[in-house]
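What follows is the content of model-v5.pdb (PDB, C-alpha atoms (C1' of nucleotides)).
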```pdb
ATOM      1  CA  MET A   1     -14.345  -3.918  35.877
ATOM      2  CA  SER A   2     -11.786  -1.382  34.678
ATOM      3  CA  PRO A   3     -12.391   1.736  36.753
ATOM      4  CA  GLY A   4      -9.424   3.491  35.190
ATOM      5  CA  ILE A   5     -11.079   3.738  31.816
ATOM      6  CA  ILE A   6     -14.254   5.269  33.197
ATOM      7  CA  ASP A   7     -12.223   7.853  35.101
ATOM      8  CA  THR A   8     -10.231   8.713  32.023
ATOM      9  CA  VAL A   9     -13.400   9.089  30.032
ATOM     10  CA  ILE A  10     -15.059  11.328  32.612
ATOM     11  CA  THR A  11     -11.963  13.467  32.821
ATOM     12  CA  ARG A  12     -11.791  13.823  29.087
ATOM     13  CA  ILE A  13     -15.460  14.721  28.746
ATOM     14  CA  LYS A  14     -15.127  17.423  31.411
ATOM     15  CA  GLU A  15     -11.884  18.755  29.977
ATOM     16  CA  ARG A  16     -13.623  19.435  26.731
ATOM     17  CA  GLY A  17     -16.650  21.039  28.322
ATOM     18  CA  GLY A  18     -18.950  18.067  27.845
ATOM     19  CA  ARG A  19     -21.482  16.922  30.405
ATOM     20  CA  VAL A  20     -21.275  13.666  32.230
ATOM     21  CA  THR A  21     -24.752  12.258  31.867
ATOM     22  CA  VAL A  22     -26.240   8.963  32.910
ATOM     23  CA  GLN A  23     -26.690   7.955  29.294
ATOM     24  CA  ARG A  24     -23.101   8.694  28.363
ATOM     25  CA  LEU A  25     -21.699   6.721  31.231
ATOM     26  CA  ALA A  26     -24.070   3.887  30.544
ATOM     27  CA  ILE A  27     -22.987   3.722  26.929
ATOM     28  CA  ILE A  28     -19.340   3.761  27.955
ATOM     29  CA  ASN A  29     -20.058   0.863  30.250
ATOM     30  CA  VAL A  30     -21.692  -1.059  27.447
ATOM     31  CA  LEU A  31     -18.709  -0.377  25.203
ATOM     32  CA  MET A  32     -16.504  -1.884  27.863
ATOM     33  CA  ARG A  33     -18.605  -5.033  27.923
ATOM     34  CA  LEU A  34     -19.619  -5.521  24.321
ATOM     35  CA  ASP A  35     -17.099  -6.274  21.602
ATOM     36  CA  HIS A  36     -17.230  -3.725  18.767
ATOM     37  CA  PRO A  37     -20.986  -3.335  18.965
ATOM     38  CA  THR A  38     -23.166  -1.553  16.432
ATOM     39  CA  ALA A  39     -25.436   1.271  17.585
ATOM     40  CA  GLU A  40     -28.318  -1.153  17.402
ATOM     41  CA  GLU A  41     -26.563  -3.719  19.581
ATOM     42  CA  ILE A  42     -25.804  -1.043  22.139
ATOM     43  CA  TYR A  43     -29.421   0.065  22.128
ATOM     44  CA  GLN A  44     -30.770  -3.477  22.462
ATOM     45  CA  PHE A  45     -28.357  -4.325  25.231
ATOM     46  CA  MET A  46     -29.358  -1.251  27.211
ATOM     47  CA  GLN A  47     -33.098  -1.716  26.881
ATOM     48  CA  ALA A  48     -33.174  -3.892  29.979
ATOM     49  CA  ASP A  49     -31.623  -1.303  32.269
ATOM     50  CA  PHE A  50     -32.677   1.872  30.458
ATOM     51  CA  PRO A  51     -36.020   1.249  28.804
ATOM     52  CA  THR A  52     -36.562   4.966  28.202
ATOM     53  CA  LEU A  53     -33.305   5.399  26.327
ATOM     54  CA  SER A  54     -33.938   6.347  22.735
ATOM     55  CA  PHE A  55     -32.218   5.161  19.638
ATOM     56  CA  THR A  56     -31.509   8.769  18.779
ATOM     57  CA  THR A  57     -29.629   9.243  22.002
ATOM     58  CA  VAL A  58     -27.464   6.236  21.306
ATOM     59  CA  TYR A  59     -26.515   7.750  17.985
ATOM     60  CA  ASN A  60     -26.139  11.286  19.286
ATOM     61  CA  THR A  61     -24.118  10.144  22.251
ATOM     62  CA  LEU A  62     -21.800   7.991  20.182
ATOM     63  CA  LYS A  63     -21.272  10.930  17.883
ATOM     64  CA  SER A  64     -20.514  13.289  20.766
ATOM     65  CA  LEU A  65     -18.197  10.788  22.387
ATOM     66  CA  LYS A  66     -16.453  10.360  19.086
ATOM     67  CA  GLU A  67     -15.934  14.107  18.837
ATOM     68  CA  LEU A  68     -14.733  14.129  22.425
ATOM     69  CA  GLY A  69     -12.137  11.559  21.364
ATOM     70  CA  VAL A  70     -13.555   8.925  23.664
ATOM     71  CA  VAL A  71     -14.839   6.387  21.167
ATOM     72  CA  HIS A  72     -13.748   5.321  17.739
ATOM     73  CA  GLU A  73     -16.031   4.403  14.859
ATOM     74  CA  TYR A  74     -15.386   1.691  12.266
ATOM     75  CA  HIS A  75     -17.015   1.426   8.876
ATOM     76  CA  GLN A  76     -15.708  -2.065   8.109
ATOM     77  CA  ASP A  77     -19.021  -3.580   7.049
ATOM     78  CA  GLU A  78     -22.381  -1.977   6.308
ATOM     79  CA  ARG A  79     -23.101  -0.878   9.859
ATOM     80  CA  SER A  80     -20.858   1.307  11.982
ATOM     81  CA  ARG A  81     -19.177  -0.350  14.911
ATOM     82  CA  PHE A  82     -17.799   1.378  17.955
ATOM     83  CA  GLU A  83     -15.123   0.902  20.558
ATOM     84  CA  ILE A  84     -13.464   2.947  23.241
ATOM     85  CA  SER A  85     -10.457   4.798  21.859
ATOM     86  CA  GLU A  86      -7.408   3.721  23.704
ATOM     87  CA  ILE A  87      -3.973   2.806  22.528
ATOM     88  CA  PRO A  88      -4.047   2.050  18.816
ATOM     89  CA  HIS A  89      -4.266  -1.608  17.935
ATOM     90  CA  HIS A  90      -4.885  -3.964  15.070
ATOM     91  CA  HIS A  91      -7.837  -6.165  14.215
ATOM     92  CA  PHE A  92      -8.664  -9.613  13.048
ATOM     93  CA  GLN A  93     -11.748  -9.735  10.874
ATOM     94  CA  CYS A  94     -13.595 -12.915  10.091
ATOM     95  CA  LEU A  95     -14.407 -13.105   6.395
ATOM     96  CA  ARG A  96     -17.475 -15.216   7.091
ATOM     97  CA  CYS A  97     -19.201 -13.638  10.118
ATOM     98  CA  ASP A  98     -17.438 -10.236  10.025
ATOM     99  CA  LYS A  99     -16.588 -10.421  13.707
ATOM    100  CA  LEU A 100     -13.764  -8.108  14.777
ATOM    101  CA  THR A 101     -11.176  -9.086  17.356
ATOM    102  CA  ASP A 102      -8.577  -6.737  18.792
ATOM    103  CA  ILE A 103      -4.921  -7.577  18.369
ATOM    104  CA  SER A 104      -2.362  -5.745  20.442
ATOM    105  CA  PRO A 105       0.203  -3.771  18.448
ATOM    106  CA  GLU A 106       3.204  -5.787  19.567
ATOM    107  CA  LYS A 107       1.720  -8.943  18.048
ATOM    108  CA  ILE A 108       2.278  -7.690  14.519
ATOM    109  CA  SER A 109       5.403  -6.064  13.235
ATOM    110  CA  VAL A 110       4.744  -3.582  10.458
ATOM    111  CA  THR A 111       7.578  -1.921   8.609
ATOM    112  CA  PRO A 112       6.700   0.452   5.812
ATOM    113  CA  ASP A 113       9.395   1.106   3.254
ATOM    114  CA  PRO A 114      11.117   4.394   4.153
ATOM    115  CA  GLU A 115      10.126   5.897   0.829
ATOM    116  CA  LEU A 116       6.499   5.736   1.924
ATOM    117  CA  GLU A 117       7.192   8.127   4.782
ATOM    118  CA  SER A 118       8.727  10.595   2.397
ATOM    119  CA  GLU A 119       5.672  10.333   0.182
ATOM    120  CA  PHE A 120       3.000  10.379   2.868
ATOM    121  CA  GLY A 121       4.732  11.916   5.853
ATOM    122  CA  PRO A 122       4.328  10.361   9.270
ATOM    123  CA  VAL A 123       1.813   7.544   9.186
ATOM    124  CA  GLU A 124       0.160   5.186  11.565
ATOM    125  CA  ALA A 125      -0.266   1.606  10.414
ATOM    126  CA  LYS A 126      -3.456  -0.274  11.089
ATOM    127  CA  VAL A 127      -3.479  -3.925  10.176
ATOM    128  CA  ILE A 128      -6.534  -5.982   9.467
ATOM    129  CA  LEU A 129      -5.845  -9.690   9.455
ATOM    130  CA  GLN A 130      -8.524 -11.456   7.490
ATOM    131  CA  GLY A 131      -9.347 -15.104   7.810
ATOM    132  CA  LEU A 132     -11.863 -17.349   9.504
ATOM    133  CA  CYS A 133     -12.493 -17.144  13.212
ATOM    134  CA  LYS A 134     -12.469 -20.298  15.301
ATOM    135  CA  ASP A 135     -16.262 -20.656  15.248
ATOM    136  CA  CYS A 136     -16.469 -20.296  11.500
ATOM    137  CA  ARG A 137     -13.570 -22.659  10.908
ATOM    138  CA  GLU A 138     -15.322 -25.309  12.961
ATOM    139  CA  GLU A 139     -18.584 -24.794  11.130
ATOM    140  CA  THR A 140     -17.124 -24.888   7.665
ATOM    141  CA  GLY A 141     -14.219 -27.247   8.126
ATOM    142  CA  ASP A 142     -12.518 -25.065   5.577
ATOM    143  CA  LYS A 143      -8.768 -24.916   5.976
ATOM    144  CA  HIS A 144      -8.611 -22.120   3.348
TER     145      HIS A 144
ATOM    146  CA  MET B   1      -5.071   0.591 -21.405
ATOM    147  CA  SER B   2      -4.552  -2.747 -19.666
ATOM    148  CA  PRO B   3      -6.222  -5.284 -21.958
ATOM    149  CA  GLY B   4      -5.160  -8.176 -19.761
ATOM    150  CA  ILE B   5      -7.468  -7.115 -16.962
ATOM    151  CA  ILE B   6     -10.514  -6.865 -19.204
ATOM    152  CA  ASP B   7      -9.807 -10.321 -20.595
ATOM    153  CA  THR B   8      -9.427 -11.777 -17.140
ATOM    154  CA  VAL B   9     -12.675 -10.181 -16.070
ATOM    155  CA  ILE B  10     -14.589 -11.461 -19.109
ATOM    156  CA  THR B  11     -13.215 -14.924 -18.572
ATOM    157  CA  ARG B  12     -14.168 -14.906 -14.936
ATOM    158  CA  ILE B  13     -17.701 -13.665 -15.615
ATOM    159  CA  LYS B  14     -18.244 -16.387 -18.217
ATOM    160  CA  GLU B  15     -16.714 -19.089 -16.042
ATOM    161  CA  ARG B  16     -19.285 -18.389 -13.402
ATOM    162  CA  GLY B  17     -22.188 -18.292 -15.823
ATOM    163  CA  GLY B  18     -22.583 -14.529 -15.810
ATOM    164  CA  ARG B  19     -23.379 -12.485 -18.882
ATOM    165  CA  VAL B  20     -20.944 -10.084 -20.435
ATOM    166  CA  THR B  21     -23.080  -7.007 -20.954
ATOM    167  CA  VAL B  22     -22.211  -3.575 -22.241
ATOM    168  CA  GLN B  23     -22.938  -2.102 -18.839
ATOM    169  CA  ARG B  24     -20.667  -4.504 -17.024
ATOM    170  CA  LEU B  25     -17.761  -3.930 -19.331
ATOM    171  CA  ALA B  26     -18.310  -0.202 -19.203
ATOM    172  CA  ILE B  27     -18.229  -0.235 -15.409
ATOM    173  CA  ILE B  28     -15.053  -2.311 -15.455
ATOM    174  CA  ASN B  29     -13.511   0.243 -17.737
ATOM    175  CA  VAL B  30     -14.465   3.031 -15.387
ATOM    176  CA  LEU B  31     -12.986   1.139 -12.461
ATOM    177  CA  MET B  32      -9.739   0.931 -14.383
ATOM    178  CA  ARG B  33      -9.706   4.683 -14.879
ATOM    179  CA  LEU B  34     -11.127   6.040 -11.642
ATOM    180  CA  ASP B  35      -9.375   5.661  -8.317
ATOM    181  CA  HIS B  36     -11.541   3.876  -5.720
ATOM    182  CA  PRO B  37     -14.737   5.516  -6.934
ATOM    183  CA  THR B  38     -18.064   5.465  -5.149
ATOM    184  CA  ALA B  39     -21.153   4.180  -6.974
ATOM    185  CA  GLU B  40     -22.204   7.769  -7.476
ATOM    186  CA  GLU B  41     -18.879   8.743  -8.996
ATOM    187  CA  ILE B  42     -19.084   5.813 -11.372
ATOM    188  CA  TYR B  43     -22.601   6.788 -12.339
ATOM    189  CA  GLN B  44     -21.692  10.443 -12.915
ATOM    190  CA  PHE B  45     -18.615   9.554 -14.898
ATOM    191  CA  MET B  46     -20.605   7.268 -17.189
ATOM    192  CA  GLN B  47     -23.445   9.688 -17.857
ATOM    193  CA  ALA B  48     -21.547  11.220 -20.792
ATOM    194  CA  ASP B  49     -21.147   7.956 -22.681
ATOM    195  CA  PHE B  50     -24.151   6.046 -21.342
ATOM    196  CA  PRO B  51     -26.909   8.544 -20.607
ATOM    197  CA  THR B  52     -29.505   5.785 -20.315
ATOM    198  CA  LEU B  53     -27.588   3.887 -17.651
ATOM    199  CA  SER B  54     -29.498   3.861 -14.398
ATOM    200  CA  PHE B  55     -28.222   4.290 -10.900
ATOM    201  CA  THR B  56     -29.808   0.993 -10.000
ATOM    202  CA  THR B  57     -27.788  -0.780 -12.632
ATOM    203  CA  VAL B  58     -24.581   0.674 -11.304
ATOM    204  CA  TYR B  59     -25.446  -0.711  -7.886
ATOM    205  CA  ASN B  60     -26.730  -4.034  -9.172
ATOM    206  CA  THR B  61     -23.773  -4.493 -11.450
ATOM    207  CA  LEU B  62     -21.242  -3.682  -8.776
ATOM    208  CA  LYS B  63     -22.973  -6.159  -6.520
ATOM    209  CA  SER B  64     -22.926  -8.877  -9.188
ATOM    210  CA  LEU B  65     -19.312  -8.214 -10.050
ATOM    211  CA  LYS B  66     -18.486  -8.407  -6.399
ATOM    212  CA  GLU B  67     -20.168 -11.797  -6.141
ATOM    213  CA  LEU B  68     -18.323 -12.872  -9.271
ATOM    214  CA  GLY B  69     -15.108 -11.949  -7.477
ATOM    215  CA  VAL B  70     -14.272  -9.268  -9.995
ATOM    216  CA  VAL B  71     -14.533  -6.169  -7.841
ATOM    217  CA  HIS B  72     -13.902  -5.451  -4.194
ATOM    218  CA  GLU B  73     -15.933  -3.151  -1.987
ATOM    219  CA  TYR B  74     -14.589  -0.946   0.783
ATOM    220  CA  HIS B  75     -16.591   0.526   3.630
ATOM    221  CA  GLN B  76     -13.813   2.763   4.929
ATOM    222  CA  ASP B  77     -15.873   5.938   5.188
ATOM    223  CA  GLU B  78     -19.641   6.443   4.936
ATOM    224  CA  ARG B  79     -19.933   5.562   1.251
ATOM    225  CA  SER B  80     -18.820   2.343  -0.350
ATOM    226  CA  ARG B  81     -15.856   2.521  -2.667
ATOM    227  CA  PHE B  82     -14.950  -0.010  -5.294
ATOM    228  CA  GLU B  83     -11.919  -1.322  -7.100
ATOM    229  CA  ILE B  84     -11.052  -4.235  -9.350
ATOM    230  CA  SER B  85      -9.955  -7.236  -7.317
ATOM    231  CA  GLU B  86      -6.480  -8.148  -8.322
ATOM    232  CA  ILE B  87      -3.430  -9.005  -6.364
ATOM    233  CA  PRO B  88      -3.963  -8.022  -2.730
ATOM    234  CA  HIS B  89      -2.404  -4.730  -1.741
ATOM    235  CA  HIS B  90      -2.364  -2.174   1.024
ATOM    236  CA  HIS B  91      -3.771   1.301   1.248
ATOM    237  CA  PHE B  92      -2.900   4.732   2.401
ATOM    238  CA  GLN B  93      -5.855   6.677   3.725
ATOM    239  CA  CYS B  94      -5.805  10.409   4.227
ATOM    240  CA  LEU B  95      -7.284  11.312   7.591
ATOM    241  CA  ARG B  96      -8.451  14.667   6.282
ATOM    242  CA  CYS B  97      -9.919  14.034   2.833
ATOM    243  CA  ASP B  98     -10.366  10.242   3.135
ATOM    244  CA  LYS B  99      -8.666   9.619  -0.193
ATOM    245  CA  LEU B 100      -7.364   6.075  -0.662
ATOM    246  CA  THR B 101      -4.113   5.298  -2.438
ATOM    247  CA  ASP B 102      -2.919   1.814  -3.322
ATOM    248  CA  ILE B 103       0.361   0.601  -1.919
ATOM    249  CA  SER B 104       1.966  -2.462  -3.422
ATOM    250  CA  PRO B 105       2.468  -5.349  -0.987
ATOM    251  CA  GLU B 106       6.247  -5.356  -1.154
ATOM    252  CA  LYS B 107       6.354  -1.787   0.162
ATOM    253  CA  ILE B 108       5.248  -2.872   3.612
ATOM    254  CA  SER B 109       6.563  -5.811   5.531
ATOM    255  CA  VAL B 110       3.985  -7.324   7.857
ATOM    256  CA  THR B 111       4.886 -10.108  10.228
ATOM    257  CA  PRO B 112       2.204 -11.419  12.522
ATOM    258  CA  ASP B 113       3.364 -13.228  15.605
ATOM    259  CA  PRO B 114       3.215 -16.995  14.921
ATOM    260  CA  GLU B 115       0.776 -17.471  17.772
ATOM    261  CA  LEU B 116      -1.790 -15.471  15.815
ATOM    262  CA  GLU B 117      -1.784 -18.044  13.043
ATOM    263  CA  SER B 118      -2.457 -20.769  15.536
ATOM    264  CA  GLU B 119      -5.341 -18.757  16.907
ATOM    265  CA  PHE B 120      -6.861 -17.543  13.662
ATOM    266  CA  GLY B 121      -5.531 -19.982  11.093
ATOM    267  CA  PRO B 122      -4.153 -18.715   7.824
ATOM    268  CA  VAL B 123      -4.667 -15.007   7.499
ATOM    269  CA  GLU B 124      -4.100 -12.312   4.965
ATOM    270  CA  ALA B 125      -2.825  -8.987   6.244
ATOM    271  CA  LYS B 126      -4.179  -5.739   4.915
ATOM    272  CA  VAL B 127      -2.486  -2.597   6.090
ATOM    273  CA  ILE B 128      -4.028   0.835   6.124
ATOM    274  CA  LEU B 129      -1.490   3.567   6.593
ATOM    275  CA  GLN B 130      -3.183   6.653   7.934
ATOM    276  CA  GLY B 131      -1.805  10.135   7.677
ATOM    277  CA  LEU B 132      -2.165  13.229   5.555
ATOM    278  CA  CYS B 133      -1.841  13.101   1.796
ATOM    279  CA  LYS B 134       0.412  15.564   0.024
ATOM    280  CA  ASP B 135      -2.451  17.911  -0.875
ATOM    281  CA  CYS B 136      -3.777  18.025   2.673
ATOM    282  CA  ARG B 137      -0.315  18.506   4.146
ATOM    283  CA  GLU B 138       0.215  21.493   1.910
ATOM    284  CA  GLU B 139      -3.133  22.967   2.792
ATOM    285  CA  THR B 140      -2.766  22.583   6.517
ATOM    286  CA  GLY B 141       0.971  22.963   6.931
ATOM    287  CA  ASP B 142       0.521  20.438   9.704
ATOM    288  CA  LYS B 143       3.576  18.289  10.226
ATOM    289  CA  HIS B 144       1.615  16.094  12.690
TER     290      HIS B 144
ATOM    291  C1'  DC C   1     -35.987 -19.193 -27.004
ATOM    292  C1'  DT C   2     -35.191 -18.574 -22.107
ATOM    293  C1'  DA C   3     -32.838 -17.283 -18.267
ATOM    294  C1'  DA C   4     -30.142 -13.373 -16.825
ATOM    295  C1'  DT C   5     -29.870  -8.382 -16.844
ATOM    296  C1'  DT C   6     -31.621  -3.782 -17.090
ATOM    297  C1'  DG C   7     -34.019   0.162 -15.176
ATOM    298  C1'  DC C   8     -37.975   2.504 -13.299
ATOM    299  C1'  DA C   9     -40.398   3.502  -9.054
ATOM    300  C1'  DA C  10     -41.047   2.316  -4.539
ATOM    301  C1'  DA C  11     -39.310   0.268  -0.295
ATOM    302  C1'  DT C  12     -35.706  -0.406   3.271
ATOM    303  C1'  DT C  13     -31.934   0.522   6.195
ATOM    304  C1'  DG C  14     -28.767   3.188   8.731
ATOM    305  C1'  DT C  15     -28.162   7.680  10.420
ATOM    306  C1'  DT C  16     -29.148  12.621  11.269
ATOM    307  C1'  DT C  17     -31.935  16.783  12.432
ATOM    308  C1'  DG C  18     -35.552  20.120  14.353
ATOM    309  C1'  DC C  19     -37.339  21.253  18.339
ATOM    310  C1'  DA C  20     -39.622  20.992  22.898
ATOM    311  C1'  DT C  21     -38.471  19.096  27.433
ATOM    312  C1'  DA C  22     -35.388  17.697  30.931
ATOM    313  C1'  DT C  23     -30.798  17.896  33.143
ATOM    314  C1'  DT C  24     -25.997  19.034  34.371
ATOM    315  C1'  DC C  25     -22.960  22.293  36.038
TER     316       DC C  25
ATOM    317  C1'  DG D   1     -30.310  29.791  35.640
ATOM    318  C1'  DA D   2     -28.037  29.022  31.365
ATOM    319  C1'  DA D   3     -26.247  25.988  28.299
ATOM    320  C1'  DT D   4     -26.076  21.312  27.004
ATOM    321  C1'  DA D   5     -28.216  16.727  26.430
ATOM    322  C1'  DT D   6     -32.230  13.924  25.670
ATOM    323  C1'  DG D   7     -35.847  11.906  22.842
ATOM    324  C1'  DC D   8     -39.745  12.037  19.851
ATOM    325  C1'  DA D   9     -41.160  12.341  15.123
ATOM    326  C1'  DA D  10     -39.813  13.446  10.769
ATOM    327  C1'  DA D  11     -36.146  13.978   7.296
ATOM    328  C1'  DC D  12     -32.234  12.057   4.813
ATOM    329  C1'  DA D  13     -28.890   9.508   2.193
ATOM    330  C1'  DA D  14     -27.190   5.242   0.536
ATOM    331  C1'  DT D  15     -28.532   1.030  -1.063
ATOM    332  C1'  DT D  16     -31.866  -2.665  -2.281
ATOM    333  C1'  DT D  17     -36.041  -4.799  -4.197
ATOM    334  C1'  DG D  18     -40.344  -5.856  -7.131
ATOM    335  C1'  DC D  19     -41.376  -6.347 -11.502
ATOM    336  C1'  DA D  20     -42.063  -5.505 -16.500
ATOM    337  C1'  DA D  21     -39.266  -4.872 -20.582
ATOM    338  C1'  DT D  22     -34.958  -6.062 -22.806
ATOM    339  C1'  DT D  23     -31.049  -8.801 -24.295
ATOM    340  C1'  DA D  24     -27.049 -12.212 -24.222
ATOM    341  C1'  DG D  25     -26.003 -16.810 -25.013
TER     342       DG D  25
END
```

Would you mind giving the structure from this file in structure tokens?
Amino acid sequence: MSPGIIDTVITRIKERGGRVTVQRLAIINVLMRLDHPTAEEIYQFMQADFPTLSFTTVYNTLKSLKELGVVHEYHQDERSRFEISEIPHHHFQCLRCDKLTDISPEKISVTPDPELESEFGPVEAKVILQGLCKDCREETGDKH
Amino acid sequence: MSPGIIDTVITRIKERGGRVTVQRLAIINVLMRLDHPTAEEIYQFMQADFPTLSFTTVYNTLKSLKELGVVHEYHQDERSRFEISEIPHHHFQCLRCDKLTDISPEKISVTPDPELESEFGPVEAKVILQGLCKDCREETGDKH
DNA sequence: CTAATTGCAAATTGTTTGCATATTC
DNA sequence: GAATATGCAAACAATTTGCAATTAG
């Protein structure tokens, strides 16, 4: 689908002395297809194609890829969720079903007061918009 | 220190049919004094004054207070951190030591593109500024 | 009085580790 | 061929639950 990402990932793994294994590539592929999956979701999804893949490897691989700078981990709710690290972006989080949706940076303007930079130094702003996603709004009829 | 908060909390607990117990009030007091503590930190801190307080009760109480809308739980890093729910605000998170610092809402202007509201409905924006806190900047000398 | 809360021990869940085997470079 | 990755079983850490005793309203 997006061959550029895979290439970038392979390059980065090699650069840092990591090995390009079937499992790693497969997990990257899943991350490109699933939306902020948990380790469990990744494992389940891969069972069809890789029945021998172990849960441990999913965890280990995600951890390695995280250290290689290839994936990013979120602790938003009780389980960790993962995505491919790319350009920084914001998120929408549904308060009812917890679903995360990416929002591109230019969609939200964030301007910290200059005094914050003097207190905290250079910062990167991550915004989480919280509300109800379309599905949950339809189910609840709640207009907030 | 801030009697208004305690009163508000008591009122809210009673409104929702909860019981105002010693343990609950004590935990509220700790939350007013500690900065985004974990359950463990709360427990440790309270051991001096309430040696019979159990770990379970800290967890159960935090959970109840959360359901009563009195405290808010964060999953930013691997442990949960808690704070008293009050007016919404933003956070600064240190990328090195994970420390959270509150930032008042007027210190950061956030303007989501109008099309986001049409997609997600009414939303509340929470900003996490990430960088290095003063202590960590001094220790690393890293200017980013 | 009685329904909610506490607190112990035990269970669960999410994640990590030790180590033998298999694989990439 | 040597170093890294995989995967099983077992260990771990954070949190939750069952249930009897206690307590607030």

Which residues of region 30-103 of chain B have any atom within 7 Å of an atom in region 2-20 of chain C when counting only C-alpha atoms (C1' of nucleotides), and what is the closest pair of atoms for each, with the distance in Å to one decimal? Order the rows by chain and rising number and write it as CSV.
```
residue,atom,partner,partner_atom,distance
B:Ser54,CA,C:DG7,C1',5.9
B:Thr56,CA,C:DG7,C1',6.7
B:Thr57,CA,C:DT6,C1',6.6
```

**Study point:** Long-range neighbours of region 68-84 of chain B as a PyMOL selection string, 7 Å cut-off, all atoms listed in the file, 2 positions minimum in chain
**Key:** (chain A and resi 75-78) or (chain B and resi 9+13+16+31+36-38+64-66+86)

**Study point:** Residue IDs satisfying the PyMOL selection byres ((chain A and resi 24) around 12), as number ranges by chain
**Key:** A: 6, 9-10, 13, 18-23, 25-31, 42, 46, 50, 53, 57-66, 68, 70-71; D: 5-6

Could you please take those selected residues and save C-alpha atoms (C1' of nucleotides) as a PDB file, keeping the file's coordinate frame?
```
ATOM      1  CA  ILE A   6     -14.254   5.269  33.197  1.00  0.00           C
ATOM      2  CA  VAL A   9     -13.400   9.089  30.032  1.00  0.00           C
ATOM      3  CA  ILE A  10     -15.059  11.328  32.612  1.00  0.00           C
ATOM      4  CA  ILE A  13     -15.460  14.721  28.746  1.00  0.00           C
ATOM      5  CA  GLY A  18     -18.950  18.067  27.845  1.00  0.00           C
ATOM      6  CA  ARG A  19     -21.482  16.922  30.405  1.00  0.00           C
ATOM      7  CA  VAL A  20     -21.275  13.666  32.230  1.00  0.00           C
ATOM      8  CA  THR A  21     -24.752  12.258  31.867  1.00  0.00           C
ATOM      9  CA  VAL A  22     -26.240   8.963  32.910  1.00  0.00           C
ATOM     10  CA  GLN A  23     -26.690   7.955  29.294  1.00  0.00           C
ATOM     11  CA  LEU A  25     -21.699   6.721  31.231  1.00  0.00           C
ATOM     12  CA  ALA A  26     -24.070   3.887  30.544  1.00  0.00           C
ATOM     13  CA  ILE A  27     -22.987   3.722  26.929  1.00  0.00           C
ATOM     14  CA  ILE A  28     -19.340   3.761  27.955  1.00  0.00           C
ATOM     15  CA  ASN A  29     -20.058   0.863  30.250  1.00  0.00           C
ATOM     16  CA  VAL A  30     -21.692  -1.059  27.447  1.00  0.00           C
ATOM     17  CA  LEU A  31     -18.709  -0.377  25.203  1.00  0.00           C
ATOM     18  CA  ILE A  42     -25.804  -1.043  22.139  1.00  0.00           C
ATOM     19  CA  MET A  46     -29.358  -1.251  27.211  1.00  0.00           C
ATOM     20  CA  PHE A  50     -32.677   1.872  30.458  1.00  0.00           C
ATOM     21  CA  LEU A  53     -33.305   5.399  26.327  1.00  0.00           C
ATOM     22  CA  THR A  57     -29.629   9.243  22.002  1.00  0.00           C
ATOM     23  CA  VAL A  58     -27.464   6.236  21.306  1.00  0.00           C
ATOM     24  CA  TYR A  59     -26.515   7.750  17.985  1.00  0.00           C
ATOM     25  CA  ASN A  60     -26.139  11.286  19.286  1.00  0.00           C
ATOM     26  CA  THR A  61     -24.118  10.144  22.251  1.00  0.00           C
ATOM     27  CA  LEU A  62     -21.800   7.991  20.182  1.00  0.00           C
ATOM     28  CA  LYS A  63     -21.272  10.930  17.883  1.00  0.00           C
ATOM     29  CA  SER A  64     -20.514  13.289  20.766  1.00  0.00           C
ATOM     30  CA  LEU A  65     -18.197  10.788  22.387  1.00  0.00           C
ATOM     31  CA  LYS A  66     -16.453  10.360  19.086  1.00  0.00           C
ATOM     32  CA  LEU A  68     -14.733  14.129  22.425  1.00  0.00           C
ATOM     33  CA  VAL A  70     -13.555   8.925  23.664  1.00  0.00           C
ATOM     34  CA  VAL A  71     -14.839   6.387  21.167  1.00  0.00           C
TER      35      VAL A  71
ATOM     36  C1'  DA D   5     -28.216  16.727  26.430  1.00  0.00           C
ATOM     37  C1'  DT D   6     -32.230  13.924  25.670  1.00  0.00           C
TER      38       DT D   6
END
```

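Using only C-alpha atoms (C1' of nucleotides), the nearest neighbour of chain D within the list B:Arg96, B:Thr101, B:Asp113, B:Glu40 is B:Glu40.
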
**Study point:** Contact set, chain D to chain A: 12 Å, all atoms listed in the file, as an NGL selection string
**Key:** :D and (3-9 or 14-15)

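The space separating C1' of DC12 (chain D) from CA of Gln44 (chain A) comes to 23.6 Å.
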
Exercise for review: Can you give me, as an MDAnalysis selection string, the residues this file yields under the PyMOL selection byres ((chain A) within 9 of (chain B))?
Suggested key: chainID A and resid 74:78 80 92 94 103 106:116 119:134 137 143:144

Practice item. Quick one: pull the distance between C1' of DG18 (chain D) and CA of Phe45 (chain B), Å, one decimal. Key: 27.7 Å

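Interatomic distance, CA of Tyr43 (chain A) to CA of Glu15 (chain A): 26.8 Å.
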
Point to revise | Pick from A:Glu67, A:Ala48, A:Ala39, A:Thr11, whichever lies nearest to chain C using all atoms listed in the file | key: A:Ala39

Exercise for review: Could you tell me which of A:Arg33, A:His89, A:Lys14, A:Lys99 comes closest to chain C if we count only C-alpha atoms (C1' of nucleotides)?
Suggested key: A:Lys14
